[in-house]
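Single-structure report; data block below.
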Amino acid sequence: MTTHATTATTVAATAGATRRRTVAQALVEFLAHQYTERDGRRRRLVAACWGIFGHGNVAGIGQALLESEGALPYLQGRNEQAMVHAAVGYARQCDRLSAHAVTTSIGPGATNLVTGAALATVNRLPVLLLPGDAFATRPADPVLQQLEVPGAGDVSVNDALRPVSRYFDRVHRPEALIPAALQAMRVLADPVEAGAVTLALPQDVQAEAYEWPEEFFADRTWYVPRPAPDAGALAEAARLV
């Protein structure tokens, strides 16, 4: 499947054959099939995933990465902020044509993502953040180091990433991953919009199984164009020089 970086693609959840996967498994498999292409060169859009695991992501993204058998390579991190900075450096080295994902548990560790996310967004460098989030069904609250906002039950520590993200979404239901993931790829692949992209993943939703349309896992190539400079602007710049 071929997709322009500036066009949002939709997938009908009821169309055709399906595969049963957890949300985390579906996301990892989806990311393994995303590509960018410029000047005839094709490369992985999300080449690997950094991660520190805890109660917010070990049973979801952690298990999915293990079971992917290297389809989305895992890179071990020691500090959340350092992982984001490493991902930003990778994107810079790849001229924004390839990115890394970063996953963390919910709690104080997730707040360590904020500085690196701000750096990525200010410099239009793509990085995908996958922090664990509070249980969508809220069977117990709080959980371990989960940070609370007593006056707002729908707010978690991950909301601190909203102002420093070019795109932010919280996946409260399995089927919501489809439009959220596609929008995330669109932003990551667009040099104008690129920056930190955050998909907050509630702990229980990560491990929830769903029948995913086969089309969701198809190869997608996001073309990154080289817009020609405006002749008038170029002439004016030359005159000023």
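Letters A, B, ... mark the chains of the structure tokens in the order given; residue numbers begin at 1 per chain; ligand numbers begin at 1, in order shown.
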
Distance query A:Leu27 at most 9 Å, only C-alpha atoms, self and fewer than 5 positions along chain excluded, as a list in words
Thr22, Ala32, Ile61, Ala64, Leu177, Ile178 and Ala181 of chain A

Would you write out those residues with N, CA and C atoms, as a PDB file, in the first residue's frame?
```pdb
ATOM      1  N   THR A  22      -3.526  -8.866  20.571  1.00  0.00           N
ATOM      2  CA  THR A  22      -3.730  -7.849  21.590  1.00  0.00           C
ATOM      3  C   THR A  22      -3.428  -6.486  20.966  1.00  0.00           C
ATOM      4  N   ALA A  32       6.074  -2.516  12.269  1.00  0.00           N
ATOM      5  CA  ALA A  32       7.060  -3.254  11.483  1.00  0.00           C
ATOM      6  C   ALA A  32       6.797  -3.163   9.984  1.00  0.00           C
ATOM      7  N   ILE A  61       3.238  -3.957  25.755  1.00  0.00           N
ATOM      8  CA  ILE A  61       4.285  -3.700  24.768  1.00  0.00           C
ATOM      9  C   ILE A  61       5.493  -4.605  25.000  1.00  0.00           C
ATOM     10  N   ALA A  64       4.735  -8.018  23.669  1.00  0.00           N
ATOM     11  CA  ALA A  64       4.597  -7.949  22.206  1.00  0.00           C
ATOM     12  C   ALA A  64       5.954  -7.842  21.524  1.00  0.00           C
ATOM     13  N   LEU A 177      -7.090   2.240  18.181  1.00  0.00           N
ATOM     14  CA  LEU A 177      -5.690   2.218  17.777  1.00  0.00           C
ATOM     15  C   LEU A 177      -5.536   2.454  16.279  1.00  0.00           C
ATOM     16  N   ILE A 178      -6.497   2.003  15.481  1.00  0.00           N
ATOM     17  CA  ILE A 178      -6.351   2.087  14.022  1.00  0.00           C
ATOM     18  C   ILE A 178      -6.206   3.537  13.555  1.00  0.00           C
ATOM     19  N   ALA A 181      -2.960   5.186  15.249  1.00  0.00           N
ATOM     20  CA  ALA A 181      -1.673   4.752  14.708  1.00  0.00           C
ATOM     21  C   ALA A 181      -1.416   5.354  13.336  1.00  0.00           C
TER      22      ALA A 181
END
```

Env of A:Pro142: 12 Å cut, atoms = only C-alpha atoms, seq-sep filter 2 positions within chain, self excluded. Answer as a PDB file with C-alpha atoms, in the first residue's frame.
```
ATOM      1  CA  GLY A  56       2.414  -0.002  32.917  1.00  0.00           C
ATOM      2  CA  ILE A 106       3.275   4.988  33.891  1.00  0.00           C
ATOM      3  CA  GLY A 107       4.456   7.163  36.762  1.00  0.00           C
ATOM      4  CA  ASP A 133      -1.271   4.716  31.103  1.00  0.00           C
ATOM      5  CA  ALA A 134      -3.774   4.199  33.924  1.00  0.00           C
ATOM      6  CA  PHE A 135      -6.242   1.319  33.634  1.00  0.00           C
ATOM      7  CA  ARG A 138     -10.093   1.732  36.680  1.00  0.00           C
ATOM      8  CA  PRO A 139     -10.392  -1.429  38.805  1.00  0.00           C
ATOM      9  CA  ALA A 140      -7.843  -0.020  41.258  1.00  0.00           C
ATOM     10  CA  LEU A 144       1.935   1.607  42.390  1.00  0.00           C
ATOM     11  CA  GLN A 145       3.655   4.806  41.202  1.00  0.00           C
ATOM     12  CA  GLN A 146       0.742   6.030  39.117  1.00  0.00           C
ATOM     13  CA  LEU A 147       0.366   9.756  39.721  1.00  0.00           C
ATOM     14  CA  GLU A 148      -3.100  11.015  40.593  1.00  0.00           C
ATOM     15  CA  VAL A 149      -4.952  14.233  39.891  1.00  0.00           C
ATOM     16  CA  PRO A 150      -7.622  14.212  42.635  1.00  0.00           C
ATOM     17  CA  GLY A 153     -10.268  11.265  36.947  1.00  0.00           C
ATOM     18  CA  SER A 156      -2.784  11.050  34.044  1.00  0.00           C
ATOM     19  CA  VAL A 157       0.881  11.976  34.195  1.00  0.00           C
TER      20      VAL A 157
END
```

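Atom pair atom CA of A:Asp39 / atom CA of A:Ala194: separated by 19.1 Å.
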
Using only C-alpha atoms, which protein or nucleic acid residues come within 10 Å of A:Trp50? Drop anything in the same chain fewer than 4 positions from it, and give the result as a ChimeraX atom specification.
/A:73-78,80,82-84,86-87,100-104,129-130

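With only C-alpha atoms as the atoms that count, the minimum distance from A:Pro191 to the choices A:Arg38, A:His85, A:Arg173, A:Arg44 is reached by A:Arg38.
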
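Closest approach to A:Val164 among A:Val192, A:Ala209, A:Ala118, A:Leu128 is made by A:Ala118 (distances from only C-alpha atoms).
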